[in-house]
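Have a look at model_29.cif below; it lists mmCIF, C-alpha atoms and all ligand atoms.
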data_run
#
loop_
_atom_site.label_atom_id
_atom_site.label_comp_id
_atom_site.auth_asym_id
_atom_site.auth_seq_id
_atom_site.Cartn_x
_atom_site.Cartn_y
_atom_site.Cartn_z
CA MET F 28 36.25 37.15 56.66
CA ASN F 29 39.59 38.36 57.88
CA THR F 30 38.94 39.60 61.40
CA ALA F 31 42.32 38.37 62.73
CA GLN F 32 43.98 41.49 61.28
CA PHE F 33 42.09 43.52 63.93
CA ILE F 34 43.40 41.65 66.99
CA SER F 35 45.72 44.04 68.82
CA LYS F 36 49.36 42.99 69.02
CA SER F 37 50.83 42.60 72.48
CA THR F 38 53.41 45.25 73.26
CA HIS F 39 55.95 45.78 75.99
CA LYS F 40 55.34 49.49 76.07
CA VAL F 41 53.84 50.66 79.35
CA ILE F 42 51.77 53.80 79.53
CA GLU F 43 50.53 54.81 82.98
CA LYS F 44 48.10 57.53 81.92
CA ALA F 45 46.76 58.87 78.67
CA SER F 46 43.87 61.01 77.51
CA PHE F 47 42.43 61.43 74.01
CA THR F 48 39.60 63.59 72.68
CA TRP F 49 37.79 63.01 69.40
CA GLN F 50 34.95 64.72 67.60
CA THR F 51 33.03 62.38 65.33
CA PRO F 52 29.95 63.11 63.23
CA SER F 53 26.55 61.63 62.69
CA ASN F 54 25.69 60.40 59.20
CA ILE F 55 22.59 60.10 57.06
CA ALA F 56 22.10 57.04 54.87
CA LEU F 57 21.05 57.49 51.24
CA VAL F 58 20.71 53.73 50.69
CA LYS F 59 19.58 52.33 54.01
CA TYR F 60 20.79 49.49 56.19
CA TRP F 61 17.86 47.67 57.80
CA GLY F 62 18.39 44.04 58.74
CA LYS F 63 21.51 42.36 60.09
CA SER F 64 22.98 39.04 61.15
CA ASN F 65 25.44 38.29 63.93
CA PRO F 66 27.85 39.85 64.81
CA GLN F 67 26.54 43.14 63.44
CA LEU F 68 26.87 42.17 59.79
CA PRO F 69 24.59 44.01 57.38
CA LYS F 70 22.12 42.16 55.13
CA ASN F 71 22.80 44.69 52.39
CA ALA F 72 25.31 47.38 51.54
CA SER F 73 24.48 50.99 52.44
CA ILE F 74 25.91 54.43 51.71
CA SER F 75 25.69 57.66 53.68
CA PHE F 76 26.64 61.29 53.65
CA THR F 77 28.83 62.07 56.64
CA LEU F 78 27.49 65.12 58.48
CA ASN F 79 29.46 68.00 59.94
CA ASN F 80 27.60 69.99 62.60
CA CYS F 81 25.83 67.07 64.27
CA HIS F 82 28.63 65.44 66.19
CA THR F 83 29.76 63.95 69.48
CA ILE F 84 32.86 65.04 71.37
CA THR F 85 34.30 62.35 73.61
CA THR F 86 37.32 62.27 75.87
CA ILE F 87 38.58 59.03 77.37
CA ASP F 88 41.04 59.21 80.26
CA PHE F 89 42.94 55.96 80.59
CA GLU F 90 44.65 55.09 83.86
CA ARG F 91 46.60 51.87 84.17
CA LYS F 92 45.17 49.46 86.74
CA SER F 93 47.50 48.34 89.52
CA ALA F 94 46.61 44.73 88.70
CA VAL F 95 45.19 43.56 85.39
CA ASP F 96 42.02 41.47 85.70
CA LYS F 97 39.35 40.25 83.33
CA THR F 98 36.89 43.04 83.92
CA VAL F 99 36.35 46.17 81.84
CA ALA F 100 36.37 49.12 84.25
CA PHE F 101 34.79 52.33 83.06
CA ASP F 102 32.82 55.34 84.23
CA LEU F 103 30.56 57.18 81.84
CA PHE F 104 29.63 60.85 81.99
CA PHE F 105 27.25 62.47 79.52
CA GLU F 106 27.23 66.26 79.48
CA GLY F 107 29.06 66.27 82.81
CA LYS F 108 26.72 63.88 84.62
CA GLN F 109 27.16 60.21 85.36
CA LYS F 110 24.85 58.33 82.99
CA ALA F 111 23.82 54.92 84.34
CA THR F 112 21.21 54.36 81.57
CA PHE F 113 23.86 54.51 78.80
CA LYS F 114 26.22 52.12 80.59
CA PRO F 115 24.73 48.73 79.59
CA LYS F 116 25.01 49.48 75.83
CA ILE F 117 28.63 50.56 76.24
CA ALA F 118 29.37 47.51 78.43
CA VAL F 119 28.05 45.24 75.64
CA PHE F 120 30.18 47.17 73.17
CA PHE F 121 33.33 46.60 75.28
CA GLU F 122 32.47 42.89 75.56
CA ARG F 123 32.18 42.63 71.78
CA ILE F 124 35.47 44.38 71.09
CA ALA F 125 37.52 42.81 73.91
CA THR F 126 39.02 40.15 71.58
CA TYR F 127 40.33 42.92 69.32
CA CYS F 128 41.45 45.38 72.00
CA SER F 129 42.78 43.29 74.90
CA TYR F 130 44.47 46.44 76.29
CA ILE F 131 41.08 47.63 77.60
CA PHE F 132 41.52 45.18 80.51
CA GLU F 133 44.66 47.02 81.58
CA TYR F 134 43.08 50.45 82.09
CA LYS F 135 40.42 52.15 84.08
CA MET F 136 38.57 54.32 81.56
CA THR F 137 36.67 57.52 82.28
CA ILE F 138 34.50 58.49 79.34
CA ASN F 139 33.18 62.04 79.02
CA SER F 140 30.84 62.68 76.15
CA GLU F 141 28.67 65.47 74.79
CA ASN F 142 26.61 65.98 71.63
CA SER F 143 26.36 69.14 69.55
CA PHE F 144 22.66 68.43 68.99
CA PRO F 145 20.03 68.52 71.72
CA HIS F 146 19.64 65.31 73.71
CA SER F 147 16.46 63.38 72.70
CA SER F 148 16.14 65.44 69.55
CA GLY F 149 15.34 62.20 67.77
CA ILE F 150 18.76 62.38 66.10
CA ALA F 151 20.42 59.02 66.66
CA SER F 152 23.55 59.58 68.69
CA SER F 153 24.79 56.00 68.52
CA ALA F 154 26.70 56.56 65.25
CA SER F 155 28.61 59.60 66.47
CA GLY F 156 28.85 58.33 70.06
CA LEU F 157 30.32 54.92 69.27
CA SER F 158 32.63 56.15 66.54
CA ALA F 159 34.08 58.68 69.01
CA ILE F 160 34.80 55.95 71.58
CA ALA F 161 36.34 53.80 68.84
CA MET F 162 38.68 56.64 67.79
CA CYS F 163 39.79 57.24 71.41
CA LEU F 164 40.57 53.52 71.78
CA MET F 165 42.53 53.57 68.53
CA SER F 166 44.53 56.55 69.76
CA LEU F 167 45.59 54.50 72.79
CA GLU F 168 46.34 51.49 70.59
CA ALA F 169 48.44 53.65 68.26
CA THR F 170 50.38 55.04 71.24
CA LEU F 171 51.07 51.52 72.48
CA ASN F 172 51.97 50.39 68.98
CA PRO F 173 53.37 53.34 66.97
CA GLU F 174 53.81 51.35 63.74
CA LEU F 175 50.09 51.38 62.99
CA SER F 176 49.30 53.29 59.80
CA SER F 177 46.59 55.95 59.67
CA VAL F 178 44.75 53.84 57.06
CA PHE F 179 44.67 50.88 59.44
CA ILE F 180 43.66 53.07 62.39
CA ASN F 181 40.58 54.36 60.53
CA LYS F 182 39.71 50.91 59.23
CA LYS F 183 39.90 49.33 62.66
CA ALA F 184 38.03 52.26 64.26
CA SER F 185 35.20 51.67 61.79
CA PHE F 186 35.35 47.92 62.49
CA LEU F 187 35.07 48.56 66.25
CA ALA F 188 32.35 51.21 65.91
CA ARG F 189 30.31 48.78 63.81
CA LEU F 190 30.28 46.30 66.68
CA GLY F 191 28.54 48.97 68.79
CA SER F 192 26.11 50.25 66.18
CA GLY F 193 26.14 49.27 62.51
CA SER F 194 25.70 52.78 61.14
CA ALA F 195 28.58 54.01 63.36
CA SER F 196 30.97 52.25 60.96
CA ARG F 197 30.09 55.03 58.48
CA SER F 198 31.03 57.88 60.88
CA ILE F 199 34.83 57.72 60.79
CA GLU F 200 35.42 59.18 57.33
CA GLY F 201 33.58 61.30 54.76
CA PRO F 202 32.04 62.73 52.68
CA LEU F 203 30.45 59.48 51.41
CA VAL F 204 30.95 56.12 53.07
CA VAL F 205 29.88 52.65 51.93
CA TRP F 206 29.42 49.88 54.46
CA GLY F 207 28.69 46.34 53.31
CA ALA F 208 30.39 44.16 50.70
CA HIS F 209 29.23 45.12 47.22
CA PRO F 210 30.71 43.68 44.01
CA LYS F 211 30.82 47.08 42.29
CA ILE F 212 32.41 49.06 45.14
CA GLU F 213 36.11 48.38 45.32
CA GLY F 214 37.37 47.54 48.80
CA SER F 215 33.86 47.42 50.33
CA SER F 216 33.35 45.10 53.28
CA ASP F 217 30.72 43.92 55.74
CA LEU F 218 33.28 44.50 58.50
CA PHE F 219 33.95 48.23 58.14
CA GLY F 220 33.00 51.32 56.17
CA VAL F 221 35.08 52.60 53.25
CA GLN F 222 35.13 55.98 51.59
CA PHE F 223 33.20 55.97 48.32
CA PRO F 224 36.14 55.21 46.04
CA TYR F 225 35.13 57.08 42.84
CA LYS F 226 35.16 60.73 41.82
CA VAL F 227 31.95 62.45 42.89
CA HIS F 228 30.22 65.03 40.64
CA SER F 229 30.59 68.63 41.78
CA VAL F 230 26.82 69.06 42.35
CA PHE F 231 27.16 66.81 45.42
CA GLU F 232 30.03 68.82 46.92
CA ASN F 233 29.11 70.55 50.13
CA TYR F 234 25.59 69.11 49.91
CA GLN F 235 23.19 70.51 52.51
CA ASP F 236 21.11 68.59 55.05
CA ALA F 237 18.60 70.46 57.20
CA ILE F 238 17.24 68.19 59.91
CA LEU F 239 13.69 69.11 60.83
CA LEU F 240 12.99 68.06 64.41
CA VAL F 241 9.41 66.82 64.11
CA ASP F 242 9.37 64.60 67.14
CA LYS F 243 11.93 64.64 69.88
CA GLY F 244 10.35 61.90 71.99
CA GLU F 245 11.78 58.46 72.65
CA LYS F 246 11.23 56.08 69.75
CA GLN F 247 8.55 53.46 70.43
CA VAL F 248 10.66 50.81 68.67
CA SER F 249 14.45 50.64 69.02
CA SER F 250 16.55 50.13 65.91
CA THR F 251 17.76 46.80 67.35
CA MET F 252 14.17 45.55 67.46
CA GLY F 253 13.51 46.96 63.98
CA HIS F 254 16.52 45.11 62.54
CA ASN F 255 15.36 41.91 64.24
CA LEU F 256 11.92 42.16 62.68
CA MET F 257 13.57 41.78 59.27
CA HIS F 258 14.35 38.11 60.12
CA GLU F 259 10.74 37.01 59.66
CA HIS F 260 9.76 39.77 57.27
CA PRO F 261 7.85 38.64 54.15
CA TYR F 262 9.61 41.19 51.91
CA ALA F 263 13.08 40.98 53.44
CA GLU F 264 14.91 39.16 50.64
CA ASN F 265 13.53 41.49 47.95
CA ARG F 266 14.43 44.48 50.07
CA PHE F 267 18.05 43.37 50.53
CA GLN F 268 18.36 42.81 46.78
CA GLN F 269 16.73 46.15 46.00
CA ALA F 270 19.11 47.98 48.35
CA ASN F 271 22.14 46.38 46.67
CA ASN F 272 20.73 47.35 43.23
CA ASN F 273 20.12 50.87 44.49
CA LEU F 274 23.71 51.08 45.66
CA LEU F 275 24.83 50.18 42.16
CA LYS F 276 22.57 52.90 40.73
CA ILE F 277 23.59 55.58 43.20
CA ALA F 278 27.27 54.83 42.57
CA ASP F 279 26.67 55.93 38.94
CA ILE F 280 24.46 58.87 39.93
CA LEU F 281 27.07 60.24 42.31
CA GLN F 282 29.60 60.22 39.49
CA ASN F 283 27.41 61.54 36.65
CA GLY F 284 25.49 64.14 38.70
CA ASP F 285 22.02 63.03 37.54
CA ILE F 286 20.17 64.92 40.24
CA LYS F 287 16.67 63.79 39.16
CA ALA F 288 17.72 60.18 39.50
CA PHE F 289 19.32 61.00 42.87
CA ILE F 290 16.08 62.51 44.19
CA ASN F 291 14.02 59.56 43.01
CA LEU F 292 16.35 56.97 44.51
CA VAL F 293 16.89 58.74 47.86
CA GLU F 294 13.19 59.41 48.51
CA SER F 295 12.27 55.87 47.46
CA GLU F 296 14.86 54.47 49.89
CA ALA F 297 13.43 56.54 52.75
CA LEU F 298 9.87 55.46 52.08
CA THR F 299 10.92 51.83 51.60
CA LEU F 300 12.66 51.83 55.00
CA HIS F 301 9.41 52.98 56.59
CA ALA F 302 7.40 50.56 54.43
CA MET F 303 9.45 47.74 55.99
CA MET F 304 8.29 48.97 59.40
CA LEU F 305 4.67 49.23 58.27
CA THR F 306 4.73 45.67 56.91
CA SER F 307 6.62 43.90 59.71
CA ASN F 308 4.86 42.01 62.45
CA PRO F 309 4.51 43.58 64.94
CA TYR F 310 3.99 46.60 62.66
CA PHE F 311 4.78 50.12 63.70
CA ILE F 312 4.74 53.68 62.38
CA LEU F 313 7.56 56.08 63.20
CA MET F 314 6.37 58.92 60.95
CA LYS F 315 4.09 61.57 62.47
CA PRO F 316 1.42 63.65 60.72
CA ASN F 317 3.91 66.52 60.43
CA THR F 318 6.42 64.22 58.73
CA LEU F 319 3.87 63.78 55.93
CA GLU F 320 3.00 67.49 55.87
CA ILE F 321 6.66 68.32 55.35
CA ILE F 322 7.09 65.71 52.62
CA ASN F 323 4.11 67.14 50.74
CA ARG F 324 5.39 70.72 51.10
CA ILE F 325 8.80 69.59 49.78
CA TRP F 326 7.16 68.01 46.74
CA GLU F 327 5.15 71.18 46.04
CA TYR F 328 8.19 73.40 46.45
CA ARG F 329 10.23 71.20 44.11
CA THR F 330 7.64 71.41 41.34
CA GLU F 331 6.92 75.11 41.73
CA ASN F 332 10.57 76.16 41.86
CA ASN F 333 12.17 73.57 39.64
CA SER F 334 14.31 72.78 42.67
CA ALA F 335 16.54 69.80 43.44
CA ILE F 336 15.35 69.62 47.04
CA CYS F 337 14.46 66.15 48.37
CA PHE F 338 13.97 64.39 51.68
CA THR F 339 15.18 61.33 53.47
CA LEU F 340 14.21 59.75 56.77
CA ASP F 341 16.03 57.88 59.49
CA ALA F 342 14.31 55.45 61.85
CA GLY F 343 12.18 58.24 63.30
CA ALA F 344 9.80 61.09 62.52
CA ASN F 345 12.42 63.76 61.75
CA VAL F 346 12.88 64.79 58.13
CA HIS F 347 16.30 65.32 56.55
CA VAL F 348 15.96 67.89 53.78
CA LEU F 349 18.75 67.47 51.21
CA TYR F 350 19.69 70.14 48.65
CA PRO F 351 22.64 71.39 46.62
CA GLU F 352 24.73 74.22 48.02
CA LYS F 353 23.65 76.61 45.25
CA GLU F 354 20.04 76.45 46.54
CA LYS F 355 21.07 77.09 50.15
CA LEU F 356 19.71 80.62 50.49
CA ALA F 357 16.33 79.94 48.89
CA VAL F 358 15.76 76.59 50.62
CA ASN F 359 16.78 77.93 54.03
CA GLN F 360 14.18 80.64 53.61
CA PHE F 361 11.56 78.09 52.55
CA ILE F 362 12.37 75.99 55.63
CA GLU F 363 12.21 78.96 57.99
CA ASN F 364 9.01 80.40 56.48
CA GLN F 365 7.09 77.28 55.60
CA LEU F 366 8.46 74.15 57.23
CA SER F 367 9.63 75.20 60.68
CA LYS F 368 6.01 75.41 61.86
CA TYR F 369 5.78 71.61 61.56
CA CYS F 370 8.79 71.15 63.89
CA GLN F 371 8.65 70.84 67.67
CA LYS F 372 9.31 74.31 69.01
CA ASN F 373 10.06 75.34 65.38
CA GLN F 374 13.46 73.66 65.74
CA TYR F 375 15.66 72.45 62.92
CA ILE F 376 19.42 72.03 62.44
CA CYS F 377 21.23 73.18 59.29
CA ASP F 378 24.02 70.78 58.51
CA THR F 379 26.28 70.08 55.61
CA VAL F 380 28.30 67.15 54.38
CA GLY F 381 31.49 66.65 56.38
CA PHE F 382 34.75 64.75 56.35
CA GLY F 383 34.70 62.53 59.42
CA ALA F 384 36.50 62.16 62.72
CA LYS F 385 38.74 64.93 64.07
CA ARG F 386 41.22 64.69 66.93
CA LEU F 387 40.84 67.65 69.27
O1 LIG C 401 23.08 51.62 63.37
P1 LIG C 401 21.73 51.20 63.82
O2 LIG C 401 21.70 49.81 64.31
O3 LIG C 401 21.13 52.16 64.79
O4 LIG C 401 20.76 51.19 62.54
C1 LIG C 401 20.48 52.35 61.84
C2 LIG C 401 19.60 52.10 60.69
C3 LIG C 401 19.11 53.33 59.95
O5 LIG C 401 19.58 54.51 60.55
C4 LIG C 401 17.61 53.36 59.96
C5 LIG C 401 19.56 53.30 58.48
C6 LIG C 401 21.00 53.55 58.22
O6 LIG C 401 21.53 52.92 57.30
O7 LIG C 401 21.60 54.42 58.88
#

In structure tokens, how does this file's structure come out?
Amino acid sequence: MNTAQFISKSTHKVIEKASFTWQTPSNIALVKYWGKSNPQLPKNASISFTLNNCHTITTIDFERKSAVDKTVAFDLFFEGKQKATFKPKIAVFFERIATYCSYIFEYKMTINSENSFPHSSGIASSASGLSAIAMCLMSLEATLNPELSSVFINKKASFLARLGSGSASRSIEGPLVVWGAHPKIEGSSDLFGVQFPYKVHSVFENYQDAILLVDKGEKQVSSTMGHNLMHEHPYAENRFQQANNNLLKIADILQNGDIKAFINLVESEALTLHAMMLTSNPYFILMKPNTLEIINRIWEYRTENNSAICFTLDAGANVHVLYPEKEKLAVNQFIENQLSKYCQKNQYICDTVGFGAKRL
């Protein structure tokens, strides 16, 4: 695998101070990534819708150190407050990317970050959070080395984000991103996410995702632990093969607009992800009773209204309700009148498919 292309070139340009701000989105996988090998390489290919309203905004202020040493110096503020609990994960991230971004040793970095969605809403912030840091680093790298192309900048940002959190590699671009080498997806790679390279049917344009906040508590099992449990999992190999087959199928569905096939594949992927958790050892359940209530109401609504509504799940109890834009009014009413009662404090977030990172 060609990782040498991502090692930053040394430059004679000296920049004393710089500051960059990026807004990067969360994403929701349609074919899920669950299981990895070192260093952050996926066991199967995955594909996600990039979101729009659920995002992180991060500013990094870079100040050149008076003497360069071999330590990574950074302060981290989340919503204006110093956040010691987030620091170890970011420190590991900087360690992993140091080979590719040696300039991080030359600067003191002050990171200021905030999410558009409520903290501990059960919406994973690692994808948006790490992709935002990666974009800020790439802005510095591009200032030090102005020849870098925008294609390379996005590719390397995805490569870096992946080293922090696998799914973050899918949060640089949009509206559909594939991560993981797959023979039928041109340009796909285990190292970084790529935009879905084929023309997508109009039914999937501006697709809607309402995130129903069923449980906002801390997850009892981290995604790192969940991925690790796939190493000894009795069904792991079949699952990885199934996911790659599903990616092949969804690649056709996205082009031909077969919405029934889309619903079947996306819901099956969500339940299979959770089935992997139920059948690992130790086993665990991330769904809550209200997750199942919502799923059943969605199924009823779909039959009664001949609707194209469906659900997917992340590694948590929240439900992502997916539907075409033309059903927006009706489904939003259904959610408000019939599903919001299953959410903590009746809270849900209406989102829509988005186009990736934005420099602010
Ligand atoms: O990026 P991680 O390591 O937090 O893993 C995320 C895995 C899922 O969100 C459950 C699925 C996916 O493909 O996004």

Would you give me, as JSON lines, each residue of stretch 63-114 of chain F having an atom within 9 Å of an atom of stretch 118-142 of chain F, along with its shortest atom pair and that distance in Å to one decimal, using all atoms listed in the file and sorting by chain and residue number?
{"residue": "F:Pro66", "atom": "CA", "partner": "F:Arg123", "partner_atom": "CA", "distance": 8.7}
{"residue": "F:Cys81", "atom": "CA", "partner": "F:Asn142", "partner_atom": "CA", "distance": 7.5}
{"residue": "F:His82", "atom": "CA", "partner": "F:Asn142", "partner_atom": "CA", "distance": 5.8}
{"residue": "F:Thr83", "atom": "CA", "partner": "F:Asn142", "partner_atom": "CA", "distance": 4.3}
{"residue": "F:Ile84", "atom": "CA", "partner": "F:Glu141", "partner_atom": "CA", "distance": 5.4}
{"residue": "F:Thr85", "atom": "CA", "partner": "F:Ser140", "partner_atom": "CA", "distance": 4.3}
{"residue": "F:Thr86", "atom": "CA", "partner": "F:Asn139", "partner_atom": "CA", "distance": 5.2}
{"residue": "F:Ile87", "atom": "CA", "partner": "F:Ile138", "partner_atom": "CA", "distance": 4.6}
{"residue": "F:Asp88", "atom": "CA", "partner": "F:Thr137", "partner_atom": "CA", "distance": 5.1}
{"residue": "F:Phe89", "atom": "CA", "partner": "F:Met136", "partner_atom": "CA", "distance": 4.8}
{"residue": "F:Glu90", "atom": "CA", "partner": "F:Lys135", "partner_atom": "CA", "distance": 5.2}
{"residue": "F:Arg91", "atom": "CA", "partner": "F:Tyr134", "partner_atom": "CA", "distance": 4.3}
{"residue": "F:Lys92", "atom": "CA", "partner": "F:Tyr134", "partner_atom": "CA", "distance": 5.2}
{"residue": "F:Ser93", "atom": "CA", "partner": "F:Glu133", "partner_atom": "CA", "distance": 8.5}
{"residue": "F:Ala94", "atom": "CA", "partner": "F:Glu133", "partner_atom": "CA", "distance": 7.7}
{"residue": "F:Val95", "atom": "CA", "partner": "F:Glu133", "partner_atom": "CA", "distance": 5.2}
{"residue": "F:Asp96", "atom": "CA", "partner": "F:Phe132", "partner_atom": "CA", "distance": 6.4}
{"residue": "F:Lys97", "atom": "CA", "partner": "F:Phe132", "partner_atom": "CA", "distance": 6.1}
{"residue": "F:Thr98", "atom": "CA", "partner": "F:Phe132", "partner_atom": "CA", "distance": 6.1}
{"residue": "F:Val99", "atom": "CA", "partner": "F:Phe132", "partner_atom": "CA", "distance": 5.4}
{"residue": "F:Ala100", "atom": "CA", "partner": "F:Lys135", "partner_atom": "CA", "distance": 5.1}
{"residue": "F:Phe101", "atom": "CA", "partner": "F:Met136", "partner_atom": "CA", "distance": 4.5}
{"residue": "F:Asp102", "atom": "CA", "partner": "F:Thr137", "partner_atom": "CA", "distance": 4.8}
{"residue": "F:Leu103", "atom": "CA", "partner": "F:Ile138", "partner_atom": "CA", "distance": 4.8}
{"residue": "F:Phe104", "atom": "CA", "partner": "F:Asn139", "partner_atom": "CA", "distance": 4.8}
{"residue": "F:Phe105", "atom": "CA", "partner": "F:Ser140", "partner_atom": "CA", "distance": 4.9}
{"residue": "F:Glu106", "atom": "CA", "partner": "F:Glu141", "partner_atom": "CA", "distance": 5.0}
{"residue": "F:Gly107", "atom": "CA", "partner": "F:Asn139", "partner_atom": "CA", "distance": 7.0}
{"residue": "F:Lys108", "atom": "CA", "partner": "F:Asn139", "partner_atom": "CA", "distance": 8.7}
{"residue": "F:Gln109", "atom": "CA", "partner": "F:Asn139", "partner_atom": "CA", "distance": 8.9}
{"residue": "F:Phe113", "atom": "CA", "partner": "F:Ala118", "partner_atom": "CA", "distance": 8.9}
{"residue": "F:Lys114", "atom": "CA", "partner": "F:Ala118", "partner_atom": "CA", "distance": 6.0}

Within 8 Å of ligand LIG 401 (chain C) (only C-alpha atoms and all ligand atoms), residues as a PyMOL selection string = chain F and resi 54-61+73-75+151+153-154+189+192-195+250-251+254+300+340-342

Selected residues written out, C-alpha atoms, as a PDB file, keeping the file's coordinate frame:
ATOM      1  CA  ASN F  54      25.690  60.400  59.200  1.00  0.00           C
ATOM      2  CA  ILE F  55      22.590  60.100  57.060  1.00  0.00           C
ATOM      3  CA  ALA F  56      22.100  57.040  54.870  1.00  0.00           C
ATOM      4  CA  LEU F  57      21.050  57.490  51.240  1.00  0.00           C
ATOM      5  CA  VAL F  58      20.710  53.730  50.690  1.00  0.00           C
ATOM      6  CA  LYS F  59      19.580  52.330  54.010  1.00  0.00           C
ATOM      7  CA  TYR F  60      20.790  49.490  56.190  1.00  0.00           C
ATOM      8  CA  TRP F  61      17.860  47.670  57.800  1.00  0.00           C
ATOM      9  CA  SER F  73      24.480  50.990  52.440  1.00  0.00           C
ATOM     10  CA  ILE F  74      25.910  54.430  51.710  1.00  0.00           C
ATOM     11  CA  SER F  75      25.690  57.660  53.680  1.00  0.00           C
ATOM     12  CA  ALA F 151      20.420  59.020  66.660  1.00  0.00           C
ATOM     13  CA  SER F 153      24.790  56.000  68.520  1.00  0.00           C
ATOM     14  CA  ALA F 154      26.700  56.560  65.250  1.00  0.00           C
ATOM     15  CA  ARG F 189      30.310  48.780  63.810  1.00  0.00           C
ATOM     16  CA  SER F 192      26.110  50.250  66.180  1.00  0.00           C
ATOM     17  CA  GLY F 193      26.140  49.270  62.510  1.00  0.00           C
ATOM     18  CA  SER F 194      25.700  52.780  61.140  1.00  0.00           C
ATOM     19  CA  ALA F 195      28.580  54.010  63.360  1.00  0.00           C
ATOM     20  CA  SER F 250      16.550  50.130  65.910  1.00  0.00           C
ATOM     21  CA  THR F 251      17.760  46.800  67.350  1.00  0.00           C
ATOM     22  CA  HIS F 254      16.520  45.110  62.540  1.00  0.00           C
ATOM     23  CA  LEU F 300      12.660  51.830  55.000  1.00  0.00           C
ATOM     24  CA  LEU F 340      14.210  59.750  56.770  1.00  0.00           C
ATOM     25  CA  ASP F 341      16.030  57.880  59.490  1.00  0.00           C
ATOM     26  CA  ALA F 342      14.310  55.450  61.850  1.00  0.00           C
TER      27      ALA F 342
END

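Nearest-residue note for F:Asp242: choosing from F:Thr77, F:Gln50, F:Ser152, F:Asn345, the minimum distance belongs to F:Asn345, counting all atoms listed in the file.
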
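Distances from F:Lys63, F:Lys44, F:Lys110, F:Lys211 to F:Leu275 were compared using all atoms listed in the file, and the smallest one belongs to F:Lys211.
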
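Going from atom CA of F:Cys337 to atom CA of F:Leu349 covers 5.3 Å.
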
Which one is closest to F:Val227: F:Glu294, F:Asn323, F:Ile280, F:Asn265? Count only C-alpha atoms.
-> F:Ile280

From F:Ala263, F:Ile277, F:Ala270, F:Leu356, residue lying nearest F:Met303 [all atoms listed in the file] | F:Ala263

If I only have part of stretch 125-135 of chain F, can you fill in N, CA, C and O atoms and write it as a compact mmCIF listing (two decimals), in the coordinates of the input?
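Full text of selection.txt as output:
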# COMPACT_ATOMS: atom_id res chain seq x y z
N ALA F 125 36.41 43.20 73.02
CA ALA F 125 37.52 42.81 73.91
C ALA F 125 38.56 41.94 73.19
O ALA F 125 39.77 42.10 73.40
N THR F 126 38.09 41.03 72.32
CA THR F 126 39.02 40.15 71.58
C THR F 126 40.00 40.98 70.75
O THR F 126 41.13 40.56 70.51
N TYR F 127 39.53 42.12 70.26
CA TYR F 127 40.33 42.92 69.32
C TYR F 127 41.15 44.01 70.01
O TYR F 127 42.03 44.59 69.41
N CYS F 128 40.79 44.29 71.27
CA CYS F 128 41.45 45.38 72.00
C CYS F 128 41.72 44.90 73.42
O CYS F 128 41.18 45.46 74.38
N SER F 129 42.59 43.89 73.57
CA SER F 129 42.78 43.29 74.90
C SER F 129 43.32 44.31 75.90
O SER F 129 43.18 44.14 77.11
N TYR F 130 43.92 45.42 75.39
CA TYR F 130 44.47 46.44 76.29
C TYR F 130 43.39 47.10 77.15
O TYR F 130 43.70 47.72 78.16
N ILE F 131 42.11 46.97 76.77
CA ILE F 131 41.08 47.63 77.60
C ILE F 131 41.01 47.03 79.01
O ILE F 131 40.52 47.67 79.93
N PHE F 132 41.53 45.79 79.17
CA PHE F 132 41.52 45.18 80.51
C PHE F 132 42.58 45.80 81.42
O PHE F 132 42.55 45.64 82.62
N GLU F 133 43.53 46.50 80.80
CA GLU F 133 44.66 47.02 81.58
C GLU F 133 44.41 48.41 82.14
O GLU F 133 45.21 48.93 82.90
N TYR F 134 43.32 49.04 81.71
CA TYR F 134 43.08 50.45 82.09
C TYR F 134 41.72 50.65 82.73
O TYR F 134 40.75 49.97 82.41
N LYS F 135 41.70 51.63 83.61
CA LYS F 135 40.42 52.15 84.08
C LYS F 135 40.11 53.31 83.14
O LYS F 135 40.94 54.19 82.92
